[in-house]
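What follows is protein12.tsv (TSV, C-alpha atoms and all ligand atoms).
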chain	number	residue	atom	x	y	z
R	1	MET	CA	0.00	0.00	0.00
R	2	TYR	CA	1.35	3.36	-1.08
R	3	VAL	CA	1.26	6.14	1.51
R	4	GLY	CA	2.47	9.54	0.36
R	5	ARG	CA	2.35	12.92	2.00
R	6	PHE	CA	2.75	16.64	1.63
R	7	ALA	CA	4.44	18.35	4.56
R	8	PRO	CA	4.51	22.13	4.24
R	9	THR	CA	6.19	24.27	6.86
R	10	THR	CA	3.54	26.59	8.16
R	11	SER	CA	5.51	29.78	8.28
R	12	GLY	CA	3.77	31.51	5.39
R	13	PRO	CA	1.44	31.00	2.45
R	14	LEU	CA	2.20	28.30	-0.10
R	15	HIS	CA	4.14	29.49	-3.12
R	16	LEU	CA	4.56	27.98	-6.53
R	17	GLY	CA	7.42	25.74	-5.37
R	18	SER	CA	5.29	24.25	-2.63
R	19	LEU	CA	2.42	23.74	-5.05
R	20	LEU	CA	4.81	21.82	-7.29
R	21	ALA	CA	5.70	19.46	-4.43
R	22	ALA	CA	2.04	19.14	-3.45
R	23	VAL	CA	0.94	18.31	-6.99
R	24	ALA	CA	3.78	15.86	-7.65
R	25	SER	CA	3.28	13.96	-4.40
R	26	TYR	CA	-0.50	13.97	-4.90
R	27	LEU	CA	-0.31	12.62	-8.45
R	28	ASP	CA	2.27	10.00	-7.56
R	29	ALA	CA	0.05	8.75	-4.73
R	30	ARG	CA	-3.24	8.85	-6.58
R	31	SER	CA	-1.85	7.23	-9.71
R	32	GLN	CA	-0.91	4.24	-7.54
R	33	ASP	CA	-4.23	4.19	-5.66
R	34	GLY	CA	-2.32	5.39	-2.67
R	35	GLN	CA	-3.17	7.52	0.28
R	36	TRP	CA	-2.04	11.11	0.39
R	37	LEU	CA	-1.55	12.61	3.84
R	38	LEU	CA	-1.16	16.22	4.86
R	39	ARG	CA	1.16	17.10	7.70
R	40	LEU	CA	1.88	20.61	8.91
R	41	ASP	CA	5.51	21.05	9.85
R	42	ASP	CA	4.70	23.36	12.71
R	43	ILE	CA	7.36	22.79	15.39
R	44	ASP	CA	9.27	25.89	14.54
R	45	GLU	CA	7.13	27.78	17.06
R	46	PRO	CA	8.22	31.35	16.45
R	47	ARG	CA	7.48	31.01	12.78
R	48	ALA	CA	4.38	28.81	12.88
R	49	ARG	CA	1.29	30.88	12.41
R	50	ALA	CA	-2.34	29.89	12.55
R	51	HIS	CA	-3.14	32.19	9.69
R	52	ALA	CA	-0.53	30.58	7.47
R	53	GLU	CA	-1.95	27.17	8.28
R	54	ASN	CA	-5.41	28.20	7.21
R	55	THR	CA	-4.25	29.73	3.99
R	56	ALA	CA	-2.23	26.58	3.19
R	57	LEU	CA	-5.33	24.42	3.66
R	58	THR	CA	-7.45	26.81	1.61
R	59	THR	CA	-4.91	26.74	-1.19
R	60	LEU	CA	-4.87	22.95	-1.32
R	61	GLU	CA	-8.67	22.80	-1.24
R	62	SER	CA	-9.13	25.38	-3.94
R	63	HIS	CA	-6.72	23.42	-6.13
R	64	GLY	CA	-8.66	20.20	-5.64
R	65	LEU	CA	-5.80	18.57	-3.73
R	66	GLU	CA	-7.82	16.58	-1.22
R	67	TRP	CA	-5.90	14.76	1.47
R	68	ASP	CA	-6.86	11.59	3.33
R	69	GLY	CA	-7.77	11.61	7.00
R	70	SER	CA	-7.26	14.45	9.38
R	71	VAL	CA	-4.48	17.00	9.12
R	72	GLY	CA	-1.34	15.76	10.88
R	73	ARG	CA	0.97	17.93	12.91
R	74	GLN	CA	4.63	17.65	13.66
R	75	SER	CA	3.96	19.19	17.07
R	76	ASP	CA	2.05	16.00	18.02
R	77	HIS	CA	5.26	13.98	17.71
R	78	ARG	CA	7.49	15.67	20.23
R	79	ASP	CA	7.58	12.70	22.60
R	80	ARG	CA	8.74	10.44	19.81
R	81	TYR	CA	11.59	12.82	18.96
R	82	TRP	CA	12.84	12.67	22.56
R	83	GLU	CA	12.51	8.90	22.60
R	84	ALA	CA	14.82	8.69	19.62
R	85	ILE	CA	17.28	11.08	21.24
R	86	GLU	CA	17.26	8.88	24.31
R	87	GLU	CA	17.95	5.82	22.21
R	88	LEU	CA	20.88	7.54	20.52
R	89	ARG	CA	22.15	8.75	23.88
R	90	LYS	CA	22.12	5.23	25.32
R	91	ARG	CA	24.15	4.08	22.37
R	92	ASP	CA	26.62	6.89	22.93
R	93	LEU	CA	25.94	8.43	19.55
R	94	ILE	CA	25.13	11.98	20.60
R	95	PHE	CA	26.83	14.84	22.36
R	96	TYR	CA	25.90	18.28	23.63
R	97	CYS	CA	27.20	21.22	21.67
R	98	THR	CA	27.51	24.72	23.09
R	99	CYS	CA	29.44	26.24	20.20
R	100	SER	CA	28.20	29.63	19.13
R	101	ARG	CA	27.32	30.29	15.53
R	102	SER	CA	30.32	32.59	15.17
R	103	LYS	CA	32.70	29.94	16.52
R	104	LEU	CA	31.60	27.59	13.74
R	105	LYS	CA	31.46	30.16	10.97
R	106	ASN	CA	33.36	29.09	7.85
R	107	LYS	CA	34.72	26.02	9.63
R	108	GLY	CA	33.28	23.51	7.14
R	109	PRO	CA	32.18	20.21	8.68
R	110	TYR	CA	31.61	20.45	12.44
R	111	PRO	CA	35.15	20.44	13.90
R	112	GLY	CA	34.26	18.22	16.84
R	113	TYR	CA	34.89	20.77	19.61
R	114	CYS	CA	32.20	19.39	21.95
R	115	ARG	CA	32.45	15.69	21.13
R	116	THR	CA	33.45	14.73	24.65
R	117	GLN	CA	30.46	16.53	26.20
R	118	ARG	CA	28.25	13.48	26.68
R	119	THR	CA	26.08	14.83	29.49
R	120	PRO	CA	23.86	17.91	29.29
R	121	PRO	CA	25.69	21.08	30.41
R	122	SER	CA	23.85	23.67	32.49
R	123	ASP	CA	23.49	26.11	29.60
R	124	PRO	CA	21.08	25.29	26.78
R	125	ALA	CA	22.91	23.09	24.28
R	126	ALA	CA	22.19	21.69	20.87
R	127	ILE	CA	22.43	17.92	20.48
R	128	ARG	CA	24.56	16.57	17.66
R	129	VAL	CA	24.79	13.03	16.35
R	130	LEU	CA	28.18	11.48	15.60
R	131	VAL	CA	28.55	10.63	11.93
R	132	PRO	CA	30.93	8.00	10.61
R	133	ASN	CA	33.56	8.78	8.03
R	134	GLN	CA	32.06	6.71	5.22
R	135	GLN	CA	29.95	6.98	2.08
R	136	ILE	CA	26.23	6.80	2.44
R	137	GLY	CA	23.81	6.69	-0.45
R	138	PHE	CA	20.39	5.92	-1.82
R	139	THR	CA	18.64	5.70	-5.16
R	140	ASP	CA	16.24	8.49	-5.94
R	141	ARG	CA	13.44	7.73	-8.39
R	142	ILE	CA	14.15	10.94	-10.31
R	143	GLN	CA	17.71	11.96	-9.49
R	144	GLY	CA	19.24	8.47	-9.58
R	145	THR	CA	22.12	7.55	-7.30
R	146	VAL	CA	22.86	10.08	-4.61
R	147	LYS	CA	25.81	9.49	-2.34
R	148	SER	CA	28.31	11.28	-0.26
R	149	ASN	CA	30.30	11.17	2.94
R	150	LEU	CA	28.45	13.05	5.67
R	151	ALA	CA	31.68	13.55	7.59
R	152	ASN	CA	32.94	15.75	4.74
R	153	LYS	CA	29.72	17.72	4.47
R	154	GLU	CA	28.10	18.97	7.62
R	155	GLY	CA	29.90	16.55	9.89
R	156	ASP	CA	28.18	15.67	13.17
R	157	PHE	CA	24.84	17.31	12.55
R	158	ILE	CA	22.26	18.77	14.91
R	159	VAL	CA	19.34	16.54	15.83
R	160	MET	CA	17.90	18.72	18.59
R	161	ARG	CA	18.25	22.48	18.60
R	162	LYS	CA	19.19	24.25	21.79
R	163	GLU	CA	15.61	25.55	22.06
R	164	SER	CA	14.58	21.85	22.45
R	165	ILE	CA	13.07	21.79	18.97
R	166	ALA	CA	13.84	18.67	16.98
R	167	ALA	CA	15.96	19.44	13.94
R	168	TYR	CA	14.36	18.76	10.58
R	169	PRO	CA	16.20	15.52	9.59
R	170	LEU	CA	15.29	13.81	12.86
R	171	ALA	CA	11.73	15.13	12.94
R	172	VAL	CA	10.90	14.24	9.36
R	173	ILE	CA	12.03	10.61	9.49
R	174	LEU	CA	10.05	10.01	12.66
R	175	ASP	CA	6.97	11.80	11.31
R	176	ASP	CA	7.04	9.69	8.19
R	177	ASP	CA	7.66	6.51	10.15
R	178	LEU	CA	4.82	7.20	12.60
R	179	THR	CA	2.35	7.73	9.79
R	180	GLY	CA	3.46	4.76	7.67
R	181	VAL	CA	4.71	6.86	4.76
R	182	THR	CA	6.15	4.65	2.02
R	183	ASP	CA	6.93	7.36	-0.54
R	184	VAL	CA	8.39	10.82	-0.18
R	185	VAL	CA	8.08	13.18	-3.14
R	186	ARG	CA	9.46	16.66	-2.44
R	187	GLY	CA	11.78	19.42	-3.64
R	188	ALA	CA	15.38	18.69	-4.57
R	189	ASP	CA	16.55	21.37	-2.16
R	190	LEU	CA	16.24	18.56	0.39
R	191	LEU	CA	18.29	16.06	-1.61
R	192	GLU	CA	21.47	16.49	0.37
R	193	ASN	CA	19.68	16.53	3.70
R	194	THR	CA	18.16	13.19	2.71
R	195	LEU	CA	21.55	11.56	3.29
R	196	ALA	CA	21.47	12.70	6.91
R	197	GLN	CA	17.94	11.34	7.12
R	198	ILE	CA	18.97	7.98	5.67
R	199	TYR	CA	21.79	7.79	8.19
R	200	LEU	CA	19.35	8.35	11.06
R	201	ILE	CA	16.83	5.89	9.61
R	202	ARG	CA	19.46	3.16	9.38
R	203	THR	CA	20.90	3.95	12.79
R	204	LEU	CA	17.47	3.78	14.41
R	205	GLY	CA	16.55	0.64	12.48
R	206	LEU	CA	13.54	2.16	10.69
R	207	ASP	CA	12.35	1.34	7.17
R	208	ALA	CA	13.41	3.94	4.63
R	209	PRO	CA	10.70	5.23	2.32
R	210	ARG	CA	11.30	5.52	-1.43
R	211	TYR	CA	12.32	9.01	-2.46
R	212	ALA	CA	11.68	11.18	-5.49
R	213	HIS	CA	13.11	14.69	-5.53
R	214	ILE	CA	11.53	17.09	-8.00
R	215	PRO	CA	13.17	20.28	-9.26
R	216	VAL	CA	12.71	23.31	-7.07
R	217	PHE	CA	11.38	26.45	-8.56
R	218	ASN	CA	13.76	29.39	-8.33
R	219	GLN	CA	13.33	33.08	-8.77
R	220	ARG	CA	15.15	34.71	-11.65
R	221	ASN	CA	18.25	35.33	-9.56
R	222	GLY	CA	18.53	31.62	-8.83
R	223	ILE	CA	17.50	31.95	-5.21
R	224	LYS	CA	15.08	29.37	-3.91
R	225	LEU	CA	11.65	30.80	-3.32
R	226	SER	CA	10.92	31.15	0.33
R	227	LYS	CA	7.58	31.43	2.05
R	228	ARG	CA	8.42	35.04	2.69
R	229	ASP	CA	8.31	35.95	-0.97
R	230	GLN	CA	4.76	37.17	-0.89
R	231	ALA	CA	4.98	38.08	-4.54
R	232	TYR	CA	4.97	34.41	-5.40
R	233	ALA	CA	2.21	33.41	-3.00
R	234	ILE	CA	-0.38	31.41	-4.87
R	235	ASP	CA	-3.42	33.24	-6.10
R	236	ASN	CA	-6.33	30.97	-5.19
R	237	ARG	CA	-8.57	32.70	-7.71
R	238	MET	CA	-6.87	30.98	-10.61
R	239	PRO	CA	-6.32	27.39	-9.54
R	240	VAL	CA	-6.60	25.88	-13.04
R	241	LEU	CA	-3.91	28.19	-14.37
R	242	ASN	CA	-1.67	27.43	-11.38
R	243	LEU	CA	-2.11	23.70	-11.84
R	244	VAL	CA	-1.43	23.93	-15.57
R	245	SER	CA	1.83	25.78	-14.80
R	246	ALA	CA	2.80	23.21	-12.18
R	247	LEU	CA	2.06	20.33	-14.56
R	248	HIS	CA	4.20	21.88	-17.29
R	249	MET	CA	7.08	22.15	-14.86
R	250	LEU	CA	6.59	18.49	-14.01
R	251	GLY	CA	6.99	17.56	-17.66
R	252	MET	CA	3.30	17.19	-18.55
R	253	ASN	CA	1.38	18.82	-21.34
R	254	PRO	CA	-2.19	19.58	-20.37
R	255	ASP	CA	-4.17	21.43	-23.00
R	256	GLU	CA	-5.78	24.63	-21.93
R	257	GLU	CA	-9.36	23.57	-22.09
R	258	TYR	CA	-9.76	22.40	-18.54
R	259	ARG	CA	-12.09	24.71	-16.70
R	260	ASP	CA	-12.19	22.76	-13.50
R	261	VAL	CA	-9.43	21.52	-11.17
R	262	HIS	CA	-11.03	18.11	-10.64
R	263	GLU	CA	-11.20	17.41	-14.34
R	264	LEU	CA	-7.61	18.55	-14.79
R	265	LEU	CA	-6.30	16.46	-11.89
R	266	ALA	CA	-8.21	13.40	-13.06
R	267	TRP	CA	-6.52	13.76	-16.45
R	268	ALA	CA	-3.12	14.23	-14.79
R	269	ILE	CA	-3.53	11.15	-12.57
R	270	THR	CA	-4.04	8.93	-15.62
R	271	ARG	CA	-1.02	10.43	-17.39
R	272	TRP	CA	1.38	10.72	-14.48
R	273	ASP	CA	4.79	9.16	-15.02
R	274	ILE	CA	7.47	10.28	-12.62
R	275	LEU	CA	10.12	9.61	-15.28
R	276	ASN	CA	8.78	12.58	-17.26
R	277	VAL	CA	9.71	14.95	-14.46
R	278	PRO	CA	12.80	16.92	-15.53
R	279	ARG	CA	15.86	15.42	-13.93
R	280	GLN	CA	17.32	18.66	-12.73
R	281	VAL	CA	17.44	20.17	-9.33
R	282	ALA	CA	16.22	23.64	-10.18
R	283	ILE	CA	13.94	25.38	-12.63
R	284	THR	CA	14.68	29.07	-12.95
R	285	ASP	CA	12.09	31.47	-14.30
R	286	PHE	CA	8.40	31.18	-14.54
R	287	ILE	CA	7.34	28.92	-17.36
R	288	SER	CA	4.35	30.73	-18.80
R	289	VAL	CA	1.55	28.87	-20.45
Q	301	LIG	N1	8.51	21.03	5.63
Q	301	LIG	C1	9.55	20.96	4.65
Q	301	LIG	C2	9.48	22.15	3.73
Q	301	LIG	O1	8.42	22.74	3.59
Q	301	LIG	C3	9.44	19.76	3.74
Q	301	LIG	C4	9.53	18.51	4.49
Q	301	LIG	C5	9.57	17.29	3.58
Q	301	LIG	O2	8.85	17.24	2.58
Q	301	LIG	O3	10.32	16.40	3.94
Q	301	LIG	O4	10.49	22.47	3.14
Q	302	ZN	ZN	30.19	22.38	19.81

Full structure transcribed into structure tokens:
Amino acid sequence: MYVGRFAPTTSGPLHLGSLLAAVASYLDARSQDGQWLLRLDDIDEPRARAHAENTALTTLESHGLEWDGSVGRQSDHRDRYWEAIEELRKRDLIFYCTCSRSKLKNKGPYPGYCRTQRTPPSDPAAIRVLVPNQQIGFTDRIQGTVKSNLANKEGDFIVMRKESIAAYPLAVILDDDLTGVTDVVRGADLLENTLAQIYLIRTLGLDAPRYAHIPVFNQRNGIKLSKRDQAYAIDNRMPVLNLVSALHMLGMNPDEEYRDVHELLAWAITRWDILNVPRQVAITDFISV
């Protein structure tokens, strides 16, 4: 049974890049008679906003992207995050890091300053996981083989921020595991982070989902769109046009006669083939239709 999901961070309205991930994960799930779950990545308290959550839901609804079951929330999984930290701690795989941002600036992979700090210090500390000096890899359905040595990238990476908020790679693998997700379809900006996720999945003995990383949509200057770019927030008054644009970027060719999102999505489900998605990590410029 296929279980897919869309997991927007609720710090602002959805933009075209998020719609792309929503549409791709939706079509991949529905074309395989799978479930499609919606989870709000809302643990980043200062940035999570009720208003943004509502507009995200409204955008999905107005685009005909109907999810299964109730809306999930990362903030419901906090206990599980700490359980995993505890497991890693027992296995002596984590340490407490009190390095300031400036101390680590331009240092490349984490230099290991706090590695011997195996018990929590009195000041708030981030928790890092020890990473081995070896290649780790996986096969992405779109991007092919992805591999690298984590020790040469970020090094020992943060799994719990000093504010006691689970870091994204730890949170996401546990969220997906808890909800039985078998397939992750999301933006290629997360491709490299996926290696850290795979490392945690294997270390914790979880089942890895299959992955497909779609191109991210960039602004003209090549900068990834962020939720703060209001200019690119999705206009819910023209959902068919938005979907047609998204489908073009995903390598599909809908004609322009669809007046209704349901009709358009039904067509797209029957035609969906993930191998038609451009195998590139970024699309720059708006592709007009
Ligand atoms: N919440 C993350 C984001 O909006 C995506 C998480 C994921 O799909 O793994 O960038
Ligand atoms: Zn440190």

**OP:** Would you please work out which residue, of R:Ile85, R:Ala188, R:Leu104, R:Leu174, is nearest to R:Leu206 when using all atoms listed in the file?
**Re:**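 So, comparing all the options, the nearest one is R:Leu174.
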
**OP:** Starting from the point (5.9, 17.3, -9.6), work out which residues of protein, DNA or RNA have an atom no more than 9 Å away when counting all atoms listed in the file; state them as an MDAnalysis selection string.
**Re:** chainID R and resid 19:28 185:187 213:215 246:247 249:251 274 277

For R:Gly34: contacts at 8 Å, only C-alpha atoms, fewer than 2 positions along chain excluded, given as a compact mmCIF listing (two decimals) with C-alpha atoms, in the coordinates of the input:
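For reference, selection_39.txt as written:
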# COMPACT_ATOMS: atom_id res chain seq x y z
CA MET R 1 0.00 0.00 0.00
CA TYR R 2 1.35 3.36 -1.08
CA VAL R 3 1.26 6.14 1.51
CA GLY R 4 2.47 9.54 0.36
CA ALA R 29 0.05 8.75 -4.73
CA ARG R 30 -3.24 8.85 -6.58
CA SER R 31 -1.85 7.23 -9.71
CA GLN R 32 -0.91 4.24 -7.54
CA TRP R 36 -2.04 11.11 0.39

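From atom CA of R:Pro278 back to atom CA of R:Tyr199, the distance works out to 27.0 Å.
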
Can you tell me which residues sit at most 8 Å away from ligand ZN 302 (chain Q), counting all atoms listed in the file, written as a JSON list (two decimals) with C-alpha atoms, in the coordinates of the input?
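Just written: part-v3.json:
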[["chain", "number", "residue", "atom", "x", "y", "z"],
["R", 96, "TYR", "CA", 25.90, 18.28, 23.63],
["R", 97, "CYS", "CA", 27.20, 21.22, 21.67],
["R", 98, "THR", "CA", 27.51, 24.72, 23.09],
["R", 99, "CYS", "CA", 29.44, 26.24, 20.20],
["R", 100, "SER", "CA", 28.20, 29.63, 19.13],
["R", 110, "TYR", "CA", 31.61, 20.45, 12.44],
["R", 111, "PRO", "CA", 35.15, 20.44, 13.90],
["R", 112, "GLY", "CA", 34.26, 18.22, 16.84],
["R", 113, "TYR", "CA", 34.89, 20.77, 19.61],
["R", 114, "CYS", "CA", 32.20, 19.39, 21.95],
["R", 115, "ARG", "CA", 32.45, 15.69, 21.13]]

**OP:** Please check which protein, DNA or RNA residues sit within 6 Å of ligand LIG 301 (chain Q), counting all atoms listed in the file, and write them as a PyMOL selection string.
**Re:** chain R and resi 7-9+41+172+186

Selection from above, C-alpha atoms, as a CSV table (one decimal), in the coordinates of the input, can you write it?
chain,number,residue,atom,x,y,z
R,7,ALA,CA,4.4,18.4,4.6
R,8,PRO,CA,4.5,22.1,4.2
R,9,THR,CA,6.2,24.3,6.9
R,41,ASP,CA,5.5,21.0,9.8
R,172,VAL,CA,10.9,14.2,9.4
R,186,ARG,CA,9.5,16.7,-2.4

Original post:
In Å, how far is it from atom CA of R:Val281 to atom CA of R:Ala268?
Top reply: 22.1 Å

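For the atom pair formed by atom CA of R:Ser62 and atom CA of R:Tyr258, the distance is 14.9 Å, given to one decimal.
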
Subject >> Contacts of R:Asn149 within 12 Å, all atoms listed in the file, excl. fewer than 2 positions in-chain, as a list of chain:residue names >> reply: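 Skipping anything fewer than 2 positions along the chain leaves R:Pro109, R:Val131, R:Pro132, R:Asn133, R:Gln134, R:Gln135, R:Ile136, R:Gly137, R:Val146, R:Lys147, R:Ala151, R:Asn152, R:Lys153, R:Glu154, R:Gly155, R:Asp156, R:Glu192, R:Asn193, R:Leu195, R:Ala196, R:Tyr199.
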
Original post:
From the set R:Arg101, R:Arg237, R:Arg161, R:Arg141, which residue has the shortest atom-to-atom contact distance to R:Pro209, counting all atoms listed in the file?
Top reply: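 Once distances to R:Pro209 are computed over all atoms listed in the file, the minimum belongs to R:Arg141.
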
Subject >> Among the residues R:Met238, R:Asp273, R:Glu87, R:Met160, the one that comes closest to R:Gly205 [using all atoms listed in the file] >> reply: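 Residue with the minimum atom-to-atom distance to R:Gly205: R:Glu87.
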
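Shortest separation to R:Phe138 among R:Asn106, R:Ser122, R:Thr194, R:Thr116 occurs at residue R:Thr194, atoms counted being all atoms listed in the file.
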
Original post:
Residues at most 12 Å from R:Leu170, counting all atoms listed in the file, excluding those fewer than 2 positions away in the same chain, as a ChimeraX atom specification?
Top reply: /R:74,77-78,80-85,88,127-129,157-161,165-168,172-177,193-204,206

Subject >> For R:Gly64: contacts at 8 Å, all atoms listed in the file, fewer than 6 positions along chain excluded, given as a PyMOL selection string >> reply: chain R and resi 261-262+265

Subject >> Shell of 8 Å around R:Gln143, only C-alpha atoms, local chain residues under 4 positions omitted, as number ranges by chain >> reply: R: 139, 212-213, 279-280

Subject >> Option closest in space to R:Asp79, from R:Thr179, R:Thr145, R:Thr55, R:Ser164 [counting only C-alpha atoms] >> reply: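 Closest to R:Asp79, using only C-alpha atoms: R:Ser164.
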